[in-house]
$ cat entry34.txt   # compact mmCIF, C-alpha atoms
# COMPACT_ATOMS: atom_id res chain seq x y z
CA MET A 1 3.45 -20.12 -16.65
CA LEU A 2 0.21 -18.58 -17.88
CA ASN A 3 -0.48 -15.40 -15.95
CA LEU A 4 -3.79 -13.59 -15.46
CA GLY A 5 -3.10 -10.78 -17.89
CA TYR A 6 -2.69 -7.18 -16.84
CA ALA A 7 -4.44 -3.83 -17.20
CA TYR A 8 -1.87 -1.21 -18.25
CA THR A 9 -3.28 2.18 -17.24
CA THR A 10 -2.05 5.63 -18.24
CA ILE A 11 -3.41 9.16 -18.01
CA VAL A 12 -3.13 11.18 -21.22
CA SER A 13 -0.81 14.14 -20.63
CA ARG A 14 -1.04 17.55 -22.25
CA LYS A 15 1.83 16.60 -24.56
CA TYR A 16 -0.38 14.06 -26.36
CA HIS A 17 -3.63 16.05 -26.39
CA GLY A 18 -5.38 15.66 -29.74
CA GLN A 19 -3.24 12.73 -30.95
CA ASN A 20 -4.92 9.88 -32.78
CA LEU A 21 -5.45 6.97 -30.38
CA LEU A 22 -3.87 4.36 -32.65
CA SER A 23 -0.77 6.51 -33.14
CA HIS A 24 -0.66 7.22 -29.41
CA LEU A 25 -0.71 3.52 -28.53
CA ALA A 26 2.03 2.71 -31.04
CA SER A 27 4.26 5.43 -29.60
CA LEU A 28 3.42 4.63 -25.98
CA TYR A 29 4.06 0.87 -26.39
CA PRO A 30 6.56 0.62 -29.29
CA HIS A 31 7.05 -3.13 -28.77
CA SER A 32 4.06 -3.63 -31.11
CA THR A 33 3.44 -2.26 -34.60
CA PRO A 34 0.45 -0.05 -35.45
CA GLN A 35 -1.02 -3.08 -37.23
CA ALA A 36 -0.74 -5.16 -34.05
CA TRP A 37 -2.33 -2.36 -32.03
CA GLN A 38 -5.22 -2.16 -34.47
CA GLN A 39 -5.77 -5.88 -33.91
CA ASN A 40 -5.77 -5.29 -30.13
CA LEU A 41 -8.34 -2.56 -30.65
CA ASN A 42 -10.43 -4.87 -32.83
CA ASN A 43 -10.27 -7.41 -30.00
CA ARG A 44 -11.83 -4.80 -27.67
CA GLU A 45 -8.80 -4.73 -25.38
CA VAL A 46 -8.48 -0.92 -25.10
CA THR A 47 -10.77 1.49 -23.28
CA VAL A 48 -10.76 5.27 -22.95
CA ASN A 49 -12.51 6.49 -19.80
CA GLY A 50 -14.11 3.07 -19.52
CA VAL A 51 -15.49 3.02 -23.06
CA ILE A 52 -14.20 0.45 -25.58
CA ALA A 53 -12.19 2.24 -28.26
CA ASP A 54 -11.68 1.45 -31.95
CA GLY A 55 -8.53 3.53 -32.56
CA SER A 56 -10.07 6.35 -34.56
CA GLU A 57 -10.57 8.57 -31.51
CA SER A 58 -8.47 11.59 -30.62
CA VAL A 59 -7.15 11.47 -27.07
CA THR A 60 -7.76 14.33 -24.66
CA VAL A 61 -5.62 15.46 -21.75
CA GLY A 62 -6.70 13.80 -18.50
CA GLN A 63 -8.37 10.79 -20.13
CA THR A 64 -7.72 7.36 -18.61
CA LEU A 65 -6.37 4.92 -21.19
CA VAL A 66 -6.40 1.21 -20.31
CA TRP A 67 -4.97 -1.67 -22.29
CA ASN A 68 -6.41 -4.92 -20.91
CA ARG A 69 -3.71 -7.29 -22.03
CA PRO A 70 -4.98 -10.89 -22.15
CA PRO A 71 -3.15 -13.63 -20.23
CA TRP A 72 0.15 -14.71 -21.76
CA ILE A 73 2.75 -17.40 -21.10
CA GLU A 74 5.75 -15.94 -19.30
CA PRO A 75 9.33 -17.19 -19.78
CA ASP A 76 10.57 -19.57 -17.12
CA ALA A 77 12.43 -18.09 -14.15
CA PRO A 78 13.62 -19.30 -10.74
CA GLN A 79 10.84 -19.45 -8.16
CA HIS A 80 12.89 -19.15 -4.99
CA PHE A 81 14.77 -16.56 -2.95
CA GLU A 82 16.59 -16.57 0.38
CA VAL A 83 15.64 -14.25 3.23
CA LEU A 84 18.79 -12.68 4.68
CA PHE A 85 17.28 -10.12 7.06
CA ASP A 86 13.75 -9.40 8.23
CA ASP A 87 12.43 -6.96 10.81
CA PRO A 88 9.30 -4.76 11.06
CA HIS A 89 10.83 -2.16 8.72
CA LEU A 90 13.16 -3.89 6.26
CA LEU A 91 13.48 -7.13 4.33
CA ALA A 92 16.67 -8.20 2.57
CA VAL A 93 16.60 -11.16 0.19
CA ASN A 94 19.11 -12.93 -2.01
CA LYS A 95 17.85 -12.79 -5.62
CA PRO A 96 18.95 -15.67 -7.85
CA GLY A 97 20.24 -15.01 -11.34
CA GLY A 98 17.57 -15.38 -14.01
CA LEU A 99 14.76 -13.91 -11.91
CA PRO A 100 13.69 -10.33 -12.79
CA THR A 101 13.32 -7.97 -9.86
CA LEU A 102 10.29 -6.15 -11.30
CA PRO A 103 7.65 -6.82 -13.96
CA GLY A 104 8.65 -5.99 -17.53
CA GLY A 105 9.94 -7.56 -20.71
CA GLY A 106 7.25 -10.25 -20.77
CA PHE A 107 7.50 -11.01 -17.04
CA MET A 108 4.67 -10.27 -14.63
CA GLU A 109 4.26 -13.07 -12.08
CA ASN A 110 7.71 -14.62 -12.52
CA THR A 111 9.41 -11.75 -10.68
CA LEU A 112 11.05 -11.28 -7.31
CA LEU A 113 8.46 -8.62 -6.44
CA ARG A 114 5.55 -11.03 -6.89
CA LEU A 115 7.28 -13.86 -5.03
CA VAL A 116 8.19 -11.64 -2.08
CA GLN A 117 4.74 -10.04 -1.87
CA LYS A 118 3.09 -13.45 -1.65
CA GLN A 119 4.80 -13.73 1.74
CA THR A 120 5.05 -10.05 2.69
CA PRO A 121 2.36 -8.07 0.85
CA ASN A 122 3.52 -4.66 2.10
CA ALA A 123 7.14 -5.09 0.94
CA ASN A 124 8.39 -2.93 -1.94
CA PRO A 125 11.91 -2.96 -3.40
CA VAL A 126 14.12 0.06 -2.83
CA HIS A 127 16.27 -0.77 -5.87
CA ARG A 128 16.59 -3.44 -8.53
CA LEU A 129 19.15 -5.85 -9.93
CA GLY A 130 19.19 -6.97 -13.56
CA ARG A 131 17.56 -10.27 -14.40
CA ALA A 132 20.87 -12.09 -14.89
CA THR A 133 22.43 -10.62 -11.74
CA SER A 134 22.29 -12.39 -8.39
CA GLY A 135 22.61 -10.55 -5.11
CA ILE A 136 20.92 -8.70 -2.28
CA VAL A 137 17.72 -6.75 -2.93
CA LEU A 138 16.44 -4.57 -0.10
CA PHE A 139 12.70 -4.12 0.45
CA ALA A 140 11.01 -1.48 2.60
CA LYS A 141 8.05 -2.71 4.63
CA THR A 142 6.74 0.68 5.75
CA PRO A 143 6.33 4.07 4.02
CA GLN A 144 8.66 5.61 6.61
CA ALA A 145 11.43 3.11 5.86
CA ALA A 146 11.00 3.60 2.10
CA SER A 147 11.16 7.39 2.43
CA LYS A 148 14.34 7.31 4.49
CA LEU A 149 16.08 4.81 2.20
CA PHE A 150 15.16 6.68 -0.98
CA ALA A 151 16.44 9.93 0.53
CA ASN A 152 19.83 8.38 1.32
CA TRP A 153 20.20 5.79 -1.45
CA ASN A 154 22.53 7.78 -3.70
CA THR A 155 24.51 9.44 -0.95
CA PRO A 156 27.73 8.35 0.79
CA ARG A 157 25.62 7.20 3.76
CA ILE A 158 24.81 4.01 1.84
CA GLN A 159 27.66 1.94 0.41
CA LYS A 160 27.06 -0.50 -2.46
CA ILE A 161 29.49 -3.23 -3.48
CA TYR A 162 29.08 -5.06 -6.79
CA ARG A 163 31.03 -8.15 -7.81
CA ALA A 164 31.69 -9.52 -11.27
CA LEU A 165 33.75 -12.42 -12.59
CA ALA A 166 36.48 -10.93 -14.77
CA GLN A 167 38.24 -12.68 -17.64
CA ASN A 168 41.71 -11.44 -16.66
CA ILE A 169 43.61 -11.30 -13.38
CA ALA A 170 43.82 -7.86 -11.77
CA GLN A 171 47.40 -6.58 -11.88
CA ARG A 172 46.99 -4.17 -8.96
CA ASP A 173 45.25 -4.39 -5.63
CA THR A 174 43.18 -1.25 -6.19
CA TYR A 175 41.98 0.69 -9.23
CA GLU A 176 40.26 4.05 -9.14
CA ILE A 177 38.11 4.38 -12.25
CA LEU A 178 36.59 7.66 -13.32
CA THR A 179 35.63 6.67 -16.87
CA PRO A 180 32.10 7.92 -17.61
CA LEU A 181 29.24 5.75 -18.78
CA ALA A 182 26.51 6.74 -21.22
CA ARG A 183 23.13 5.14 -21.85
CA THR A 184 22.67 3.59 -25.29
CA ALA A 185 19.37 3.49 -27.15
CA PRO A 186 17.08 1.73 -27.70
CA ALA A 187 18.05 -1.09 -25.33
CA HIS A 188 18.95 1.34 -22.50
CA ARG A 189 22.18 -0.48 -21.80
CA PHE A 190 25.32 1.27 -20.66
CA ARG A 191 28.55 1.80 -22.54
CA VAL A 192 31.69 3.84 -21.93
CA GLY A 193 30.78 7.31 -23.16
CA ARG A 194 31.05 11.04 -22.67
CA GLN A 195 28.49 11.80 -19.99
CA PRO A 196 29.79 10.89 -16.51
CA LYS A 197 27.65 8.46 -14.54
CA TRP A 198 30.23 7.65 -11.86
CA GLN A 199 31.97 9.83 -9.32
CA THR A 200 34.46 7.38 -7.88
CA VAL A 201 34.70 3.62 -8.21
CA THR A 202 37.36 1.63 -6.43
CA VAL A 203 37.85 -1.80 -7.98
CA ILE A 204 39.51 -4.33 -5.71
CA GLY A 205 41.05 -7.35 -7.44
CA GLU A 206 41.03 -10.77 -5.81
CA GLY A 207 42.12 -13.28 -8.45
CA ASN A 208 39.56 -12.86 -11.21
CA LEU A 209 36.73 -12.12 -8.79
CA THR A 210 36.45 -8.36 -8.93
CA GLY A 211 34.53 -6.16 -6.53
CA ALA A 212 33.54 -2.55 -7.12
CA LYS A 213 32.81 -0.13 -4.32
CA GLN A 214 30.42 2.54 -5.53
CA HIS A 215 30.39 6.03 -4.03
CA GLY A 216 27.45 8.40 -4.39
CA VAL A 217 26.32 7.54 -7.92
CA LYS A 218 23.07 6.51 -9.57
CA GLN A 219 24.20 4.07 -12.27
CA HIS A 220 26.49 1.09 -12.00
CA GLY A 221 28.38 -0.71 -14.75
CA VAL A 222 30.95 -2.99 -13.18
CA LYS A 223 31.18 -5.29 -16.21
CA GLN A 224 31.52 -2.38 -18.63
CA HIS A 225 34.37 -0.86 -16.63
CA ILE A 226 36.14 -4.19 -16.24
CA ARG A 227 35.94 -4.76 -20.00
CA HIS A 228 37.00 -1.20 -20.88
CA HIS A 229 40.05 -1.27 -18.59
CA ASN A 230 40.99 -4.85 -19.48
CA ILE A 231 40.82 -5.98 -15.86

$ encode --input "entry34.txt" --output "C-alpha cells"
Amino acid sequence: MLNLGYAYTTIVSRKYHGQNLLSHLASLYPHSTPQAWQQNLNNREVTVNGVIADGSESVTVGQTLVWNRPPWIEPDAPQHFEVLFDDPHLLAVNKPGGLPTLPGGGFMENTLLRLVQKQTPNANPVHRLGRATSGIVLFAKTPQAASKLFANWNTPRIQKIYRALAQNIAQRDTYEILTPLARTAPAHRFRVGRQPKWQTVTVIGEGNLTGAKQHGVKQHGVKQHIRHHNI
C-alpha cells in the first residue's frame, strides 16, 4: 500500500551541537548514505526550525529537525487481528505472524498499532512482538492502566509464556536455562553471549511444541535458547 509519508522529528541534543547537518542526518538515519541524504536535502524534504535546509548548516542544541519523508509503498502484511479481551482499561488482541507491532523497517500503516487505533484511538501497546511472531499483544487504554502495567511489566507480578516450534523432541519435562543472551550489532538480534539477559527460564517440553516461562527479565530469546541447548 502507498502510505501518506511521515514527518520524522528530532530535537538536536547537546552531544551533536555544532555538527554539520548532512553528517548529522547520515549518523541519525544510517539506513541511507550521505549521498542519498544530500538528494533528500536537494528535494527540500528537511527543515531546521521550520526553515528548509540544504545540508551545509551546523546544527545547534535545541533545534527542531524534521525529515518530511514522501509517501512510499509499504511491504504487504496481514490486515486483521482478533480481539481477545476488551474493557475500559485494557485491550488484548491476537497478532498474526507477518504483521509488525509498531512502525519501523519500512512499515508505517501496515502495523498492528495503526489497525488497532483505527478502532480504538486511545489504545497504546504495552509491549511488542516481532513481526514474524504471532501471539497476544496487550494495549493500555488509559494513562493510569499504562503506568501500572509499565511499573510491573518486568517483575514477577506479570508472567509471560512464549512458545516456539522446536526441531527436536524435548528429552525432559522441564529445563531450567540460565544461559545469558547478548545483543548483536548492527541488526540488534540476540545470540548466546556473556552478558546475562535472563534470570530464570523454565522450558516445558510437549512433543516439539516448546513453551518458555519467563521470570522477571527484560529480553526473551526462546528460539535462541532452544537452538543453543539442542531442544

$ closest_atom_pairs --input "entry34.txt" --of "stretch 43-78 of chain A" --to "stretch 109-133 of chain A" --cutoff "8 Å" --atoms "all atoms listed in the file" --output "Markdown table"
| residue | atom | partner | partner_atom | distance |
| --- | --- | --- | --- | --- |
| A:Glu74 | CA | A:Asn110 | CA | 7.2 |
| A:Pro75 | CA | A:Asn110 | CA | 7.9 |
| A:Asp76 | CA | A:Asn110 | CA | 7.3 |
| A:Ala77 | CA | A:Asn110 | CA | 6.1 |
| A:Pro78 | CA | A:Asn110 | CA | 7.7 |

$ atom_distance --input "entry34.txt" --atom1 "atom CA of A:Leu91" --atom2 "atom CA of A:Ala140"
6.4 Å

$ closest_residue --input "entry34.txt" --among "A:Val93, A:Ile158, A:Val48, A:Ile11" --to "A:Leu28" --atoms "only C-alpha atoms"
A:Ile11

$ residues_around --input "entry34.txt" --residues "A:Ser23" --least-positions-apart "4" --cutoff "8 Å" --atoms "all atoms listed in the file" --output "ChimeraX atom specification"
/A:19,27,34

$ closest_residue --input "entry34.txt" --among "A:Trp72, A:Glu57, A:Gly135, A:Pro30" --to "A:Gly98" --atoms "all atoms listed in the file"
A:Gly135

$ closest_residue --input "entry34.txt" --among "A:Gly106, A:Gly18, A:Gly50, A:Pro71" --to "A:Leu4" --atoms "only C-alpha atoms"
A:Pro71

$ axis_aligned_box --input "entry34.txt" --around "stretch 118-128 of chain A" --padding-each-side "3 Å" --output "lines of an AutoDock Vina configuration file"
center_x = 9.5
center_y = -6.8
center_z = -2.9
size_x = 20.2
size_y = 19.8
size_z = 17.2

$ atom_distance --input "entry34.txt" --atom1 "atom CA of A:Met108" --atom2 "atom CA of A:Gln35"
24.4 Å

$ atom_distance --input "entry34.txt" --atom1 "atom CA of A:Thr60" --atom2 "atom CA of A:Tyr16"
7.6 Å

$ residues_near_point --input "entry34.txt" --point "(17.9, -13.1, -4.0)" --cutoff "9 Å" --atoms "all atoms listed in the file" --output "PyMOL selection string"
chain A and resi 80-84+92-97+99+112+134-137

$ write_last_selection --input "entry34.txt" --atoms "C-alpha atoms" --output "PDB file, in the frame of the given file"
ATOM      1  CA  HIS A  80      12.890 -19.150  -4.990  1.00  0.00           C
ATOM      2  CA  PHE A  81      14.770 -16.560  -2.950  1.00  0.00           C
ATOM      3  CA  GLU A  82      16.590 -16.570   0.380  1.00  0.00           C
ATOM      4  CA  VAL A  83      15.640 -14.250   3.230  1.00  0.00           C
ATOM      5  CA  LEU A  84      18.790 -12.680   4.680  1.00  0.00           C
ATOM      6  CA  ALA A  92      16.670  -8.200   2.570  1.00  0.00           C
ATOM      7  CA  VAL A  93      16.600 -11.160   0.190  1.00  0.00           C
ATOM      8  CA  ASN A  94      19.110 -12.930  -2.010  1.00  0.00           C
ATOM      9  CA  LYS A  95      17.850 -12.790  -5.620  1.00  0.00           C
ATOM     10  CA  PRO A  96      18.950 -15.670  -7.850  1.00  0.00           C
ATOM     11  CA  GLY A  97      20.240 -15.010 -11.340  1.00  0.00           C
ATOM     12  CA  LEU A  99      14.760 -13.910 -11.910  1.00  0.00           C
ATOM     13  CA  LEU A 112      11.050 -11.280  -7.310  1.00  0.00           C
ATOM     14  CA  SER A 134      22.290 -12.390  -8.390  1.00  0.00           C
ATOM     15  CA  GLY A 135      22.610 -10.550  -5.110  1.00  0.00           C
ATOM     16  CA  ILE A 136      20.920  -8.700  -2.280  1.00  0.00           C
ATOM     17  CA  VAL A 137      17.720  -6.750  -2.930  1.00  0.00           C
TER      18      VAL A 137
END
